[in-house]
$ cat target-v7.pdb   # PDB, C-alpha atoms
MODEL        1
ATOM      1  CA  MET R 257     -10.244 -44.722  -5.951
ATOM      2  CA  PRO R 258      -9.455 -46.155  -2.529
ATOM      3  CA  ARG R 259      -8.523 -43.716   0.185
ATOM      4  CA  ILE R 260      -6.537 -44.097   3.358
ATOM      5  CA  VAL R 261      -8.133 -42.198   6.213
ATOM      6  CA  VAL R 262      -5.885 -40.877   8.981
ATOM      7  CA  ASP R 263      -7.471 -39.461  12.138
ATOM      8  CA  VAL R 264      -5.399 -37.273  14.438
ATOM      9  CA  MET R 265      -6.491 -36.034  17.875
ATOM     10  CA  LEU R 266      -4.836 -33.773  20.416
ATOM     11  CA  LYS R 267      -3.456 -35.884  23.257
ATOM     12  CA  PRO R 268      -6.006 -36.307  26.048
ATOM     13  CA  GLU R 269      -3.892 -34.297  28.492
ATOM     14  CA  ILE R 270      -3.608 -31.323  26.118
ATOM     15  CA  LEU R 271      -6.294 -28.704  26.593
ATOM     16  CA  ASP R 272      -8.313 -28.244  23.388
ATOM     17  CA  PRO R 273      -9.393 -24.591  23.299
ATOM     18  CA  GLN R 274     -11.454 -25.146  20.126
ATOM     19  CA  GLY R 275     -13.384 -28.027  21.651
ATOM     20  CA  LYS R 276     -13.970 -25.927  24.744
ATOM     21  CA  ALA R 277     -15.454 -23.117  22.657
ATOM     22  CA  ILE R 278     -17.721 -25.588  20.865
ATOM     23  CA  VAL R 279     -18.988 -27.255  24.032
ATOM     24  CA  GLY R 280     -19.764 -23.790  25.378
ATOM     25  CA  ALA R 281     -21.833 -22.940  22.300
ATOM     26  CA  LEU R 282     -23.827 -26.182  21.981
ATOM     27  CA  PRO R 283     -26.313 -25.484  24.811
ATOM     28  CA  ARG R 284     -27.230 -22.191  23.203
ATOM     29  CA  LEU R 285     -28.720 -24.224  20.336
ATOM     30  CA  GLY R 286     -30.509 -26.570  22.706
ATOM     31  CA  PHE R 287     -27.928 -29.376  22.567
ATOM     32  CA  THR R 288     -27.599 -29.982  26.285
ATOM     33  CA  ALA R 289     -26.547 -33.637  26.379
ATOM     34  CA  PHE R 290     -22.824 -33.096  25.690
ATOM     35  CA  SER R 291     -20.421 -32.471  28.540
ATOM     36  CA  ALA R 292     -17.214 -32.213  26.494
ATOM     37  CA  VAL R 293     -16.035 -31.783  22.897
ATOM     38  CA  ARG R 294     -12.619 -32.568  21.448
ATOM     39  CA  GLN R 295     -11.879 -31.428  17.908
ATOM     40  CA  GLY R 296      -9.558 -33.505  15.731
ATOM     41  CA  LYS R 297      -8.332 -33.747  12.161
ATOM     42  CA  ARG R 298      -9.215 -36.250   9.445
ATOM     43  CA  PHE R 299      -6.918 -36.701   6.453
ATOM     44  CA  GLU R 300      -7.945 -38.596   3.327
ATOM     45  CA  LEU R 301      -5.047 -39.886   1.234
ATOM     46  CA  THR R 302      -6.206 -40.971  -2.221
ATOM     47  CA  VAL R 303      -4.356 -43.872  -3.826
ATOM     48  CA  ASP R 304      -4.356 -44.480  -7.583
ATOM     49  CA  GLY R 305      -4.794 -48.228  -7.661
ATOM     50  CA  GLU R 306      -4.619 -50.891  -5.027
ATOM     51  CA  VAL R 307      -3.594 -50.110  -1.444
ATOM     52  CA  THR R 308      -0.709 -52.461  -0.787
ATOM     53  CA  GLU R 309       0.844 -53.151   2.609
ATOM     54  CA  GLU R 310       3.775 -50.985   1.537
ATOM     55  CA  ILE R 311       1.513 -48.049   0.714
ATOM     56  CA  LEU R 312      -0.306 -48.476   4.000
ATOM     57  CA  ALA R 313       3.033 -48.484   5.812
ATOM     58  CA  GLN R 314       3.949 -45.255   4.025
ATOM     59  CA  ALA R 315       0.667 -43.720   5.162
ATOM     60  CA  ARG R 316       1.386 -44.745   8.756
ATOM     61  CA  GLU R 317       4.856 -43.219   8.556
ATOM     62  CA  ALA R 318       3.519 -39.988   7.046
ATOM     63  CA  ALA R 319       0.900 -39.888   9.798
ATOM     64  CA  GLU R 320       3.537 -40.151  12.521
ATOM     65  CA  THR R 321       6.150 -37.831  10.995
ATOM     66  CA  MET R 322       4.196 -35.104   9.238
ATOM     67  CA  LEU R 323       0.421 -35.311   9.651
ATOM     68  CA  SER R 324       0.744 -35.309  13.433
ATOM     69  CA  ASN R 325       3.111 -33.762  15.958
ATOM     70  CA  PRO R 326       3.835 -36.427  18.591
ATOM     71  CA  VAL R 327       4.434 -33.735  21.215
ATOM     72  CA  ILE R 328       0.786 -32.718  21.200
ATOM     73  CA  GLU R 329      -1.131 -35.203  19.036
ATOM     74  CA  ASP R 330      -1.897 -38.910  18.664
ATOM     75  CA  VAL R 331      -2.674 -40.760  15.447
ATOM     76  CA  VAL R 332      -5.831 -42.545  16.566
ATOM     77  CA  ASN R 333      -6.812 -44.298  13.345
ATOM     78  CA  VAL R 334      -5.355 -45.311   9.962
ATOM     79  CA  GLU R 335      -7.747 -47.272   7.738
ATOM     80  CA  VAL R 336      -8.492 -47.974   4.110
ATOM     81  CA  VAL R 337     -11.841 -46.833   2.775
ATOM     82  CA  ALA R 338     -13.032 -48.160  -0.586
ATOM     83  CA  ASP R 339     -15.531 -46.129  -2.588
TER      84      ASP R 339
ATOM     85  CA  MET X 201      21.973  -1.092   0.851
ATOM     86  CA  THR X 202      20.770   2.451   1.514
ATOM     87  CA  GLU X 203      18.802   2.526   4.743
ATOM     88  CA  THR X 204      15.583   4.478   5.152
ATOM     89  CA  PRO X 205      16.370   7.275   7.624
ATOM     90  CA  LEU X 206      15.236   6.715  11.184
ATOM     91  CA  ILE X 207      12.553   8.903  12.691
ATOM     92  CA  GLY X 208      12.103  10.039  16.265
ATOM     93  CA  GLY X 209      15.541  11.555  16.638
ATOM     94  CA  ALA X 210      17.622   8.390  16.505
ATOM     95  CA  THR X 211      20.609   8.243  14.237
ATOM     96  CA  LEU X 212      22.056   5.331  12.354
ATOM     97  CA  ALA X 213      25.247   4.050  13.886
ATOM     98  CA  PRO X 214      28.349   4.732  11.834
ATOM     99  CA  VAL X 215      29.363   1.781   9.693
ATOM    100  CA  ASP X 216      31.746  -0.434  11.619
ATOM    101  CA  SER X 217      33.538  -2.829   9.284
ATOM    102  CA  ARG X 218      34.072  -5.345  12.070
ATOM    103  CA  LEU X 219      30.331  -5.543  12.768
ATOM    104  CA  ALA X 220      29.434  -5.418   9.078
ATOM    105  CA  GLY X 221      31.623  -8.459   8.523
ATOM    106  CA  ALA X 222      29.095 -10.544  10.493
ATOM    107  CA  ARG X 223      26.612 -12.080   8.059
ATOM    108  CA  ILE X 224      23.191 -12.881   9.524
ATOM    109  CA  GLY X 225      20.866 -14.895   7.287
ATOM    110  CA  VAL X 226      17.110 -14.235   7.362
ATOM    111  CA  VAL X 227      14.935 -17.011   5.940
ATOM    112  CA  THR X 228      11.896 -16.310   3.778
ATOM    113  CA  PHE X 229       9.223 -18.983   3.306
ATOM    114  CA  PRO X 230       6.048 -18.493   1.276
ATOM    115  CA  GLY X 231       3.869 -16.668   3.798
ATOM    116  CA  THR X 232       6.678 -15.188   5.895
ATOM    117  CA  LEU X 233       5.775 -11.649   6.980
ATOM    118  CA  ASP X 234       8.554 -10.254   9.123
ATOM    119  CA  ASP X 235      11.673 -11.062   7.117
ATOM    120  CA  ARG X 236      12.212  -7.454   6.072
ATOM    121  CA  ASP X 237      11.812  -6.180   9.634
ATOM    122  CA  ALA X 238      14.258  -8.819  10.841
ATOM    123  CA  SER X 239      16.769  -7.862   8.149
ATOM    124  CA  ARG X 240      16.407  -4.199   9.075
ATOM    125  CA  ALA X 241      16.998  -5.048  12.734
ATOM    126  CA  VAL X 242      20.160  -6.897  11.708
ATOM    127  CA  ARG X 243      21.386  -3.865   9.762
ATOM    128  CA  LEU X 244      20.515  -1.480  12.599
ATOM    129  CA  SER X 245      22.709  -3.590  14.876
ATOM    130  CA  GLY X 246      25.540  -3.025  12.416
ATOM    131  CA  ALA X 247      25.708  -6.503  10.864
ATOM    132  CA  THR X 248      25.052  -7.526   7.264
ATOM    133  CA  ALA X 249      21.675  -9.160   6.535
ATOM    134  CA  VAL X 250      21.673 -11.999   3.997
ATOM    135  CA  ASP X 251      18.405 -13.056   2.328
ATOM    136  CA  LEU X 252      17.860 -16.822   2.468
ATOM    137  CA  TRP X 253      15.155 -18.671   0.501
ATOM    138  CA  HIS X 254      13.352 -21.723   1.888
ATOM    139  CA  ALA X 255      13.895 -23.768  -1.281
ATOM    140  CA  ASP X 256      17.680 -23.311  -1.279
ATOM    141  CA  THR X 257      19.458 -26.627  -0.891
ATOM    142  CA  VAL X 258      22.724 -25.066   0.285
ATOM    143  CA  LEU X 259      23.044 -22.767   3.278
ATOM    144  CA  ALA X 260      24.803 -19.598   2.110
ATOM    145  CA  ASP X 261      27.926 -18.410   3.880
ATOM    146  CA  VAL X 262      26.299 -16.991   7.021
ATOM    147  CA  ASP X 263      27.398 -16.722  10.654
ATOM    148  CA  ALA X 264      23.892 -16.996  12.124
ATOM    149  CA  VAL X 265      20.293 -17.499  10.976
ATOM    150  CA  ILE X 266      17.024 -15.833  11.937
ATOM    151  CA  ILE X 267      13.725 -17.565  11.149
ATOM    152  CA  PRO X 268      11.210 -14.718  11.241
ATOM    153  CA  GLY X 269       7.492 -14.601  11.907
ATOM    154  CA  GLY X 270       4.519 -14.912   9.609
ATOM    155  CA  PHE X 271       2.303 -17.733   8.404
ATOM    156  CA  SER X 272       4.699 -19.925   6.450
ATOM    157  CA  TYR X 273       2.877 -22.198   3.992
ATOM    158  CA  GLY X 274      -0.295 -20.607   5.386
ATOM    159  CA  ASP X 275       0.303 -22.472   8.654
ATOM    160  CA  TYR X 276      -1.734 -25.259   7.078
ATOM    161  CA  LEU X 277      -1.581 -28.599   8.899
ATOM    162  CA  ARG X 278       0.027 -27.028  12.000
ATOM    163  CA  ALA X 279       1.968 -23.802  12.478
ATOM    164  CA  GLY X 280       5.447 -24.448  11.093
ATOM    165  CA  ALA X 281       4.757 -28.092  10.238
ATOM    166  CA  ILE X 282       5.310 -27.919   6.486
ATOM    167  CA  SER X 283       8.141 -25.381   6.680
ATOM    168  CA  ARG X 284      10.076 -27.789   8.839
ATOM    169  CA  PHE X 285      10.526 -29.987   5.757
ATOM    170  CA  ALA X 286      11.720 -27.162   3.453
ATOM    171  CA  PRO X 287      15.111 -27.950   1.848
ATOM    172  CA  LEU X 288      16.886 -25.090   3.631
ATOM    173  CA  MET X 289      15.603 -26.253   7.038
ATOM    174  CA  SER X 290      17.534 -29.531   6.757
ATOM    175  CA  GLN X 291      20.713 -27.491   6.287
ATOM    176  CA  ILE X 292      19.872 -25.228   9.225
ATOM    177  CA  ILE X 293      19.025 -28.158  11.506
ATOM    178  CA  ASP X 294      22.323 -29.875  10.675
ATOM    179  CA  ALA X 295      24.321 -26.665  11.153
ATOM    180  CA  ALA X 296      22.629 -25.882  14.475
ATOM    181  CA  ASN X 297      23.375 -29.377  15.774
ATOM    182  CA  SER X 298      26.941 -29.450  14.392
ATOM    183  CA  ASP X 299      30.096 -28.717  16.358
ATOM    184  CA  ALA X 300      30.073 -25.238  14.820
ATOM    185  CA  LYS X 301      26.755 -24.618  16.657
ATOM    186  CA  LEU X 302      25.290 -22.193  14.143
ATOM    187  CA  PRO X 303      23.318 -19.553  16.087
ATOM    188  CA  VAL X 304      19.613 -19.777  15.177
ATOM    189  CA  LEU X 305      16.854 -17.459  16.410
ATOM    190  CA  GLY X 306      13.197 -18.345  15.782
ATOM    191  CA  ILE X 307      10.658 -15.584  16.269
ATOM    192  CA  CYS X 308       6.923 -16.405  16.525
ATOM    193  CA  ASN X 309       6.294 -18.619  13.473
ATOM    194  CA  GLY X 310      10.050 -19.182  13.482
ATOM    195  CA  PHE X 311       9.773 -20.530  17.049
ATOM    196  CA  GLN X 312       6.968 -22.824  15.900
ATOM    197  CA  ILE X 313       9.178 -24.056  13.047
ATOM    198  CA  LEU X 314      12.020 -24.748  15.505
ATOM    199  CA  THR X 315       9.751 -26.879  17.715
ATOM    200  CA  GLU X 316       8.414 -28.768  14.699
ATOM    201  CA  SER X 317      12.069 -29.297  13.696
ATOM    202  CA  HIS X 318      12.813 -30.691  17.183
ATOM    203  CA  LEU X 319      15.593 -28.128  17.613
ATOM    204  CA  LEU X 320      13.565 -26.936  20.603
ATOM    205  CA  PRO X 321      11.224 -29.045  22.768
ATOM    206  CA  GLY X 322       7.491 -28.588  23.245
ATOM    207  CA  SER X 323       4.962 -27.088  20.891
ATOM    208  CA  MET X 324       2.533 -24.236  20.432
ATOM    209  CA  ILE X 325      -1.243 -24.548  20.404
ATOM    210  CA  LYS X 326      -3.998 -21.959  20.048
ATOM    211  CA  ASN X 327      -4.088 -19.154  22.621
ATOM    212  CA  ASP X 328      -6.227 -20.216  25.576
ATOM    213  CA  HIS X 329      -8.678 -17.380  24.820
ATOM    214  CA  LEU X 330      -8.828 -18.439  21.114
ATOM    215  CA  LYS X 331      -8.254 -14.906  19.819
ATOM    216  CA  PHE X 332      -5.466 -13.400  17.770
ATOM    217  CA  LEU X 333      -3.659 -11.071  20.143
ATOM    218  CA  CYS X 334      -1.461  -8.078  19.302
ATOM    219  CA  ARG X 335      -0.016  -6.126  22.205
ATOM    220  CA  ASP X 336       3.198  -5.092  23.886
ATOM    221  CA  THR X 337       4.344  -7.632  26.461
ATOM    222  CA  VAL X 338       6.857  -7.354  29.272
ATOM    223  CA  LEU X 339       9.343 -10.222  29.377
ATOM    224  CA  ARG X 340      11.850 -11.117  32.049
ATOM    225  CA  VAL X 341      15.231 -12.318  30.793
ATOM    226  CA  GLU X 342      15.594 -15.592  32.705
ATOM    227  CA  ASN X 343      18.786 -16.714  31.018
ATOM    228  CA  ASN X 344      21.250 -14.210  29.587
ATOM    229  CA  ASN X 345      23.795 -16.941  28.940
ATOM    230  CA  THR X 346      22.704 -17.748  25.386
ATOM    231  CA  VAL X 347      24.018 -16.551  22.040
ATOM    232  CA  TRP X 348      20.896 -14.401  21.576
ATOM    233  CA  THR X 349      20.463 -12.966  25.104
ATOM    234  CA  ASN X 350      23.940 -12.158  26.439
ATOM    235  CA  ALA X 351      23.530  -8.390  25.909
ATOM    236  CA  TYR X 352      20.803  -8.305  28.567
ATOM    237  CA  ALA X 353      21.369  -8.079  32.308
ATOM    238  CA  PRO X 354      20.124 -11.168  34.183
ATOM    239  CA  GLY X 355      16.522 -10.615  35.261
ATOM    240  CA  ALA X 356      16.147  -7.558  33.008
ATOM    241  CA  GLU X 357      12.565  -6.720  32.049
ATOM    242  CA  ILE X 358      12.105  -5.805  28.401
ATOM    243  CA  THR X 359       9.038  -4.707  26.450
ATOM    244  CA  ILE X 360       8.491  -6.485  23.141
ATOM    245  CA  PRO X 361       5.392  -6.708  20.904
ATOM    246  CA  LEU X 362       3.492 -10.002  20.696
ATOM    247  CA  LYS X 363       1.150 -10.865  17.808
ATOM    248  CA  ASN X 364      -0.174 -14.360  17.205
ATOM    249  CA  GLN X 365      -3.014 -16.821  17.518
ATOM    250  CA  ASP X 366      -1.103 -20.031  18.188
ATOM    251  CA  GLY X 367       1.093 -18.732  20.996
ATOM    252  CA  GLN X 368       0.331 -21.047  23.889
ATOM    253  CA  TYR X 369       3.577 -22.846  24.706
ATOM    254  CA  ILE X 370       3.061 -26.382  25.963
ATOM    255  CA  ALA X 371       5.224 -29.339  26.886
ATOM    256  CA  ASP X 372       4.791 -32.232  29.289
ATOM    257  CA  GLU X 373       5.699 -31.671  32.941
ATOM    258  CA  LYS X 374       8.910 -33.676  32.668
ATOM    259  CA  THR X 375      10.135 -31.519  29.778
ATOM    260  CA  LEU X 376       9.139 -28.323  31.589
ATOM    261  CA  ASP X 377      10.974 -29.441  34.745
ATOM    262  CA  ALA X 378      14.066 -30.235  32.677
ATOM    263  CA  LEU X 379      13.937 -26.849  30.940
ATOM    264  CA  GLU X 380      13.757 -25.107  34.312
ATOM    265  CA  ALA X 381      16.505 -27.237  35.862
ATOM    266  CA  GLU X 382      18.875 -26.640  32.948
ATOM    267  CA  GLY X 383      18.171 -22.890  32.846
ATOM    268  CA  ARG X 384      16.734 -23.170  29.378
ATOM    269  CA  VAL X 385      13.729 -20.943  30.005
ATOM    270  CA  ALA X 386      15.092 -17.819  28.310
ATOM    271  CA  PHE X 387      12.094 -15.498  28.762
ATOM    272  CA  ARG X 388       8.963 -15.426  30.879
ATOM    273  CA  TYR X 389       5.915 -13.185  30.560
ATOM    274  CA  VAL X 390       5.706 -10.695  33.424
ATOM    275  CA  GLY X 391       2.312  -9.719  34.845
ATOM    276  CA  THR X 392      -0.382 -11.083  32.535
ATOM    277  CA  ASN X 393       0.170 -14.389  30.780
ATOM    278  CA  PRO X 394      -1.214 -13.415  27.341
ATOM    279  CA  ASN X 395      -1.915 -16.881  25.918
ATOM    280  CA  GLY X 396      -1.942 -19.555  28.618
ATOM    281  CA  SER X 397       1.663 -20.646  28.021
ATOM    282  CA  ARG X 398       2.854 -23.196  30.588
ATOM    283  CA  ARG X 399       4.778 -21.596  33.443
ATOM    284  CA  ASP X 400       4.506 -18.197  31.706
ATOM    285  CA  ILE X 401       7.194 -19.287  29.230
ATOM    286  CA  ALA X 402       7.721 -16.837  26.364
ATOM    287  CA  GLY X 403      10.959 -18.247  24.991
ATOM    288  CA  ILE X 404      13.407 -21.118  25.456
ATOM    289  CA  SER X 405      16.839 -22.215  24.293
ATOM    290  CA  ASN X 406      18.494 -25.487  23.408
ATOM    291  CA  ALA X 407      21.052 -27.013  25.768
ATOM    292  CA  ALA X 408      24.013 -25.395  23.994
ATOM    293  CA  GLY X 409      22.393 -21.950  23.986
ATOM    294  CA  ASN X 410      22.895 -21.370  20.255
ATOM    295  CA  VAL X 411      19.226 -21.965  19.365
ATOM    296  CA  VAL X 412      16.616 -19.658  20.913
ATOM    297  CA  GLY X 413      12.919 -19.358  20.108
ATOM    298  CA  LEU X 414      10.302 -16.966  21.428
ATOM    299  CA  MET X 415       6.802 -15.861  20.516
ATOM    300  CA  PRO X 416       7.158 -12.058  20.924
ATOM    301  CA  HIS X 417       8.869 -10.021  18.209
ATOM    302  CA  PRO X 418      12.162  -8.323  19.155
ATOM    303  CA  GLU X 419      12.621  -7.122  15.551
ATOM    304  CA  HIS X 420       9.615  -4.831  16.040
ATOM    305  CA  ALA X 421      11.296  -3.037  18.953
ATOM    306  CA  VAL X 422      14.598  -1.828  17.552
ATOM    307  CA  GLU X 423      14.143   1.816  16.605
ATOM    308  CA  THR X 424      12.513   4.843  18.110
ATOM    309  CA  GLY X 425       9.337   5.892  16.356
ATOM    310  CA  TYR X 426       8.079   2.359  15.755
ATOM    311  CA  GLY X 427       8.573   0.217  18.842
ATOM    312  CA  PRO X 428       6.470  -0.128  21.993
ATOM    313  CA  GLY X 429       5.282   3.295  23.169
ATOM    314  CA  HIS X 430       6.940   4.665  20.022
ATOM    315  CA  THR X 431      10.225   4.788  21.867
ATOM    316  CA  GLY X 432      11.018   1.239  22.944
ATOM    317  CA  THR X 433      14.120  -0.402  21.500
ATOM    318  CA  ASP X 434      14.426  -3.299  23.943
ATOM    319  CA  GLY X 435      14.542  -5.826  21.103
ATOM    320  CA  LEU X 436      17.896  -4.624  19.807
ATOM    321  CA  GLY X 437      19.692  -6.699  22.450
ATOM    322  CA  PHE X 438      18.937  -9.939  20.564
ATOM    323  CA  PHE X 439      20.817  -8.670  17.544
ATOM    324  CA  THR X 440      23.732  -7.221  19.496
ATOM    325  CA  SER X 441      23.961 -10.422  21.581
ATOM    326  CA  VAL X 442      24.718 -12.575  18.569
ATOM    327  CA  LEU X 443      27.321 -10.038  17.448
ATOM    328  CA  ASN X 444      28.937 -10.208  20.897
ATOM    329  CA  THR X 445      29.278 -13.942  20.406
ATOM    330  CA  LEU X 446      30.398 -13.840  16.784
ATOM    331  CA  LEU X 447      32.994 -11.142  17.431
ATOM    332  CA  GLY X 448      34.265 -12.864  20.555
ATOM    333  CA  GLY X 449      33.042 -10.214  22.974
ATOM    334  CA  LYS X 450      31.360 -12.828  25.127
TER     335      LYS X 450
ENDMDL
END

$ encode --input "target-v7.pdb" --output "structure tokens"
Amino acid sequence: MPRIVVDVMLKPEILDPQGKAIVGALPRLGFTAFSAVRQGKRFELTVDGEVTEEILAQAREAAETMLSNPVIEDVVNVEVVAD
Amino acid sequence: MTETPLIGGATLAPVDSRLAGARIGVVTFPGTLDDRDASRAVRLSGATAVDLWHADTVLADVDAVIIPGGFSYGDYLRAGAISRFAPLMSQIIDAANSDAKLPVLGICNGFQILTESHLLPGSMIKNDHLKFLCRDTVLRVENNNTVWTNAYAPGAEITIPLKNQDGQYIADEKTLDALEAEGRVAFRYVGTNPNGSRRDIAGISNAAGNVVGLMPHPEHAVETGYGPGHTGTDGLGFFTSVLNTLLGGK
């Protein structure tokens, strides 16, 4: 089954408290190369059958209206992944 | 409905048919926690509480609506994000934006639902310290010219419990400046900012003043024996404010 992957990230100007907690914890495990972490969300929308342009457009609309909140988040990627 | 007797020496107000004629709806979503407290607060103020169900497609005959706190739909996706698309919310959004200007109060998760519904600007993200926080907070009434705040004196400081994890109010600078300029910051945290909210904002209103949202819980501070310090009843003013408006007092 093909899937449509939607990636959503907090807008760059919005502080990400979760990412901040993660970047604070990484050095304790010896991972010292990372100066910042931003945590996002990945959605996988499974499609029964072929992904048409119309279905992809629906996914984009869902991403903008429901899967993300434009006040705080950006949809950074919408792509089809075949298994 | 027979009310559980109050403790701590308070007495229930005598039934006033004029007040009881005001019907305040309280919405329940799957995962709502504070609907019963909100309904009780409505009854303690003298009005009639009307249970509303998220899946209803018609808004019952109510004079105002309270969207209470909790974790509606588990707060999956984002706090309030799925609730915003519940059938009853479409009715509430239309009624709030209509000429009738239905009074709507969103408390905690209800506030989050109102921002997701675009009835109020901005959004809530995780508390800056990442922890769930439950404590009494002191709020300053910045705008007592709304349907839900007119019973308070301007600048009054009230103590109301706060309990949430996603309580950090954010909006872009332009929106914040507009809120300040239009007097739409309804409440600000006094002393400690408990969650990193921009400009210490605890609650805001829409331009017309019929829609108000805040993170702290006025319905938990309405009767002696249960509220802050076991005596605080500062939250009652929200519920008497809307009655002032509905009954033409203000």

$ interface_residues --input "target-v7.pdb" --of "chain R" --to "chain X" --cutoff "8 Å" --atoms "all atoms listed in the file" --output "PyMOL selection string"
chain R and resi 273-274+322-323+325+327-328

$ resolve_selection --input "target-v7.pdb" --expression "the PyMOL selection byres ((chain X and resi 359) around 12)" --output "mmCIF file with C-alpha atoms, in the frame of the given file"
data_model
loop_
_atom_site.group_PDB
_atom_site.id
_atom_site.type_symbol
_atom_site.label_atom_id
_atom_site.label_comp_id
_atom_site.auth_asym_id
_atom_site.auth_seq_id
_atom_site.Cartn_x
_atom_site.Cartn_y
_atom_site.Cartn_z
ATOM 1 C CA ARG X 335 -0.016 -6.126 22.205
ATOM 2 C CA ASP X 336 3.198 -5.092 23.886
ATOM 3 C CA THR X 337 4.344 -7.632 26.461
ATOM 4 C CA VAL X 338 6.857 -7.354 29.272
ATOM 5 C CA LEU X 339 9.343 -10.222 29.377
ATOM 6 C CA ARG X 340 11.850 -11.117 32.049
ATOM 7 C CA VAL X 341 15.231 -12.318 30.793
ATOM 8 C CA ALA X 356 16.147 -7.558 33.008
ATOM 9 C CA GLU X 357 12.565 -6.720 32.049
ATOM 10 C CA ILE X 358 12.105 -5.805 28.401
ATOM 11 C CA ILE X 360 8.491 -6.485 23.141
ATOM 12 C CA PRO X 361 5.392 -6.708 20.904
ATOM 13 C CA LEU X 362 3.492 -10.002 20.696
ATOM 14 C CA PHE X 387 12.094 -15.498 28.762
ATOM 15 C CA ARG X 388 8.963 -15.426 30.879
ATOM 16 C CA TYR X 389 5.915 -13.185 30.560
ATOM 17 C CA VAL X 390 5.706 -10.695 33.424
ATOM 18 C CA GLY X 391 2.312 -9.719 34.845
ATOM 19 C CA PRO X 416 7.158 -12.058 20.924
ATOM 20 C CA HIS X 417 8.869 -10.021 18.209
ATOM 21 C CA PRO X 418 12.162 -8.323 19.155
ATOM 22 C CA GLU X 419 12.621 -7.122 15.551
ATOM 23 C CA HIS X 420 9.615 -4.831 16.040
ATOM 24 C CA ALA X 421 11.296 -3.037 18.953
ATOM 25 C CA VAL X 422 14.598 -1.828 17.552
ATOM 26 C CA GLY X 427 8.573 0.217 18.842
ATOM 27 C CA PRO X 428 6.470 -0.128 21.993
ATOM 28 C CA GLY X 429 5.282 3.295 23.169
ATOM 29 C CA HIS X 430 6.940 4.665 20.022
ATOM 30 C CA THR X 431 10.225 4.788 21.867
ATOM 31 C CA GLY X 432 11.018 1.239 22.944
ATOM 32 C CA THR X 433 14.120 -0.402 21.500
ATOM 33 C CA ASP X 434 14.426 -3.299 23.943
ATOM 34 C CA GLY X 435 14.542 -5.826 21.103
ATOM 35 C CA LEU X 436 17.896 -4.624 19.807
ATOM 36 C CA GLY X 437 19.692 -6.699 22.450
#

$ closest_residue --input "target-v7.pdb" --among "X:Val411, X:Ala286, X:Leu320, X:Ala247" --to "Leu376 of chain X" --atoms "all atoms listed in the file"
X:Leu320

$ atom_distance --input "target-v7.pdb" --atom1 "atom CA of Ser239 of chain X" --atom2 "atom CA of Asp251 of chain X"
8.0 Å

$ closest_residue --input "target-v7.pdb" --among "X:Asn350, X:Ser283, X:Thr248, X:Thr257" --to "Thr228 of chain X" --atoms "only C-alpha atoms"
X:Ser283

$ closest_residue --input "target-v7.pdb" --among "X:Asn364, X:Asn344, X:Ile267, X:Glu380" --to "Phe332 of chain X" --atoms "only C-alpha atoms"
X:Asn364

$ resolve_selection --input "target-v7.pdb" --expression "the PyMOL selection byres ((chain X and resi 232-234) around 8)" --output "short mmCIF file (atom, residue, chain, number, x, y, z; two decimals) with C-alpha atoms, keeping the file's coordinate frame"
data_model
loop_
_atom_site.label_atom_id
_atom_site.label_comp_id
_atom_site.auth_asym_id
_atom_site.auth_seq_id
_atom_site.Cartn_x
_atom_site.Cartn_y
_atom_site.Cartn_z
CA THR X 228 11.90 -16.31 3.78
CA PHE X 229 9.22 -18.98 3.31
CA PRO X 230 6.05 -18.49 1.28
CA GLY X 231 3.87 -16.67 3.80
CA ASP X 235 11.67 -11.06 7.12
CA ARG X 236 12.21 -7.45 6.07
CA ASP X 237 11.81 -6.18 9.63
CA ALA X 238 14.26 -8.82 10.84
CA PRO X 268 11.21 -14.72 11.24
CA GLY X 269 7.49 -14.60 11.91
CA GLY X 270 4.52 -14.91 9.61
CA PHE X 271 2.30 -17.73 8.40
CA SER X 272 4.70 -19.92 6.45
#

$ residues_around --input "target-v7.pdb" --residues "Leu259 of chain X" --least-positions-apart "5" --cutoff "12 Å" --atoms "only C-alpha atoms" --output "MDAnalysis selection string"
chainID X and resid 224:227 250:254 264:265 287:296 302

$ residues_around --input "target-v7.pdb" --residues "Gly296 of chain R" --least-positions-apart "4" --cutoff "7 Å" --atoms "only C-alpha atoms" --output "JSON, numbers by chain"
{"R": [264, 265, 266]}

$ residues_around --input "target-v7.pdb" --residues "Asp263 of chain R" --least-positions-apart "6" --cutoff "12 Å" --atoms "all atoms listed in the file" --output "compact mmCIF listing (two decimals) with C-alpha atoms, in the frame of the given file"
# COMPACT_ATOMS: atom_id res chain seq x y z
CA GLN R 295 -11.88 -31.43 17.91
CA GLY R 296 -9.56 -33.51 15.73
CA LYS R 297 -8.33 -33.75 12.16
CA ARG R 298 -9.22 -36.25 9.44
CA PHE R 299 -6.92 -36.70 6.45
CA GLU R 300 -7.94 -38.60 3.33
CA LEU R 301 -5.05 -39.89 1.23
CA ALA R 315 0.67 -43.72 5.16
CA ARG R 316 1.39 -44.74 8.76
CA ALA R 319 0.90 -39.89 9.80
CA GLU R 320 3.54 -40.15 12.52
CA LEU R 323 0.42 -35.31 9.65
CA SER R 324 0.74 -35.31 13.43
CA GLU R 329 -1.13 -35.20 19.04
CA ASP R 330 -1.90 -38.91 18.66
CA VAL R 331 -2.67 -40.76 15.45
CA VAL R 332 -5.83 -42.54 16.57
CA ASN R 333 -6.81 -44.30 13.34
CA VAL R 334 -5.36 -45.31 9.96
CA GLU R 335 -7.75 -47.27 7.74
CA VAL R 336 -8.49 -47.97 4.11

$ residues_near_point --input "target-v7.pdb" --point "(-4.7, -45.7, -7.9)" --cutoff "10 Å" --atoms "all atoms listed in the file" --output "number ranges by chain"
R: 257-259, 302-307

$ atom_distance --input "target-v7.pdb" --atom1 "atom CA of Val412 of chain X" --atom2 "atom CA of Asn343 of chain X"
10.7 Å

$ closest_residue --input "target-v7.pdb" --among "X:Ala249, X:Ala407, X:Gly306, X:Phe311" --to "Val262 of chain X" --atoms "only C-alpha atoms"
X:Ala249
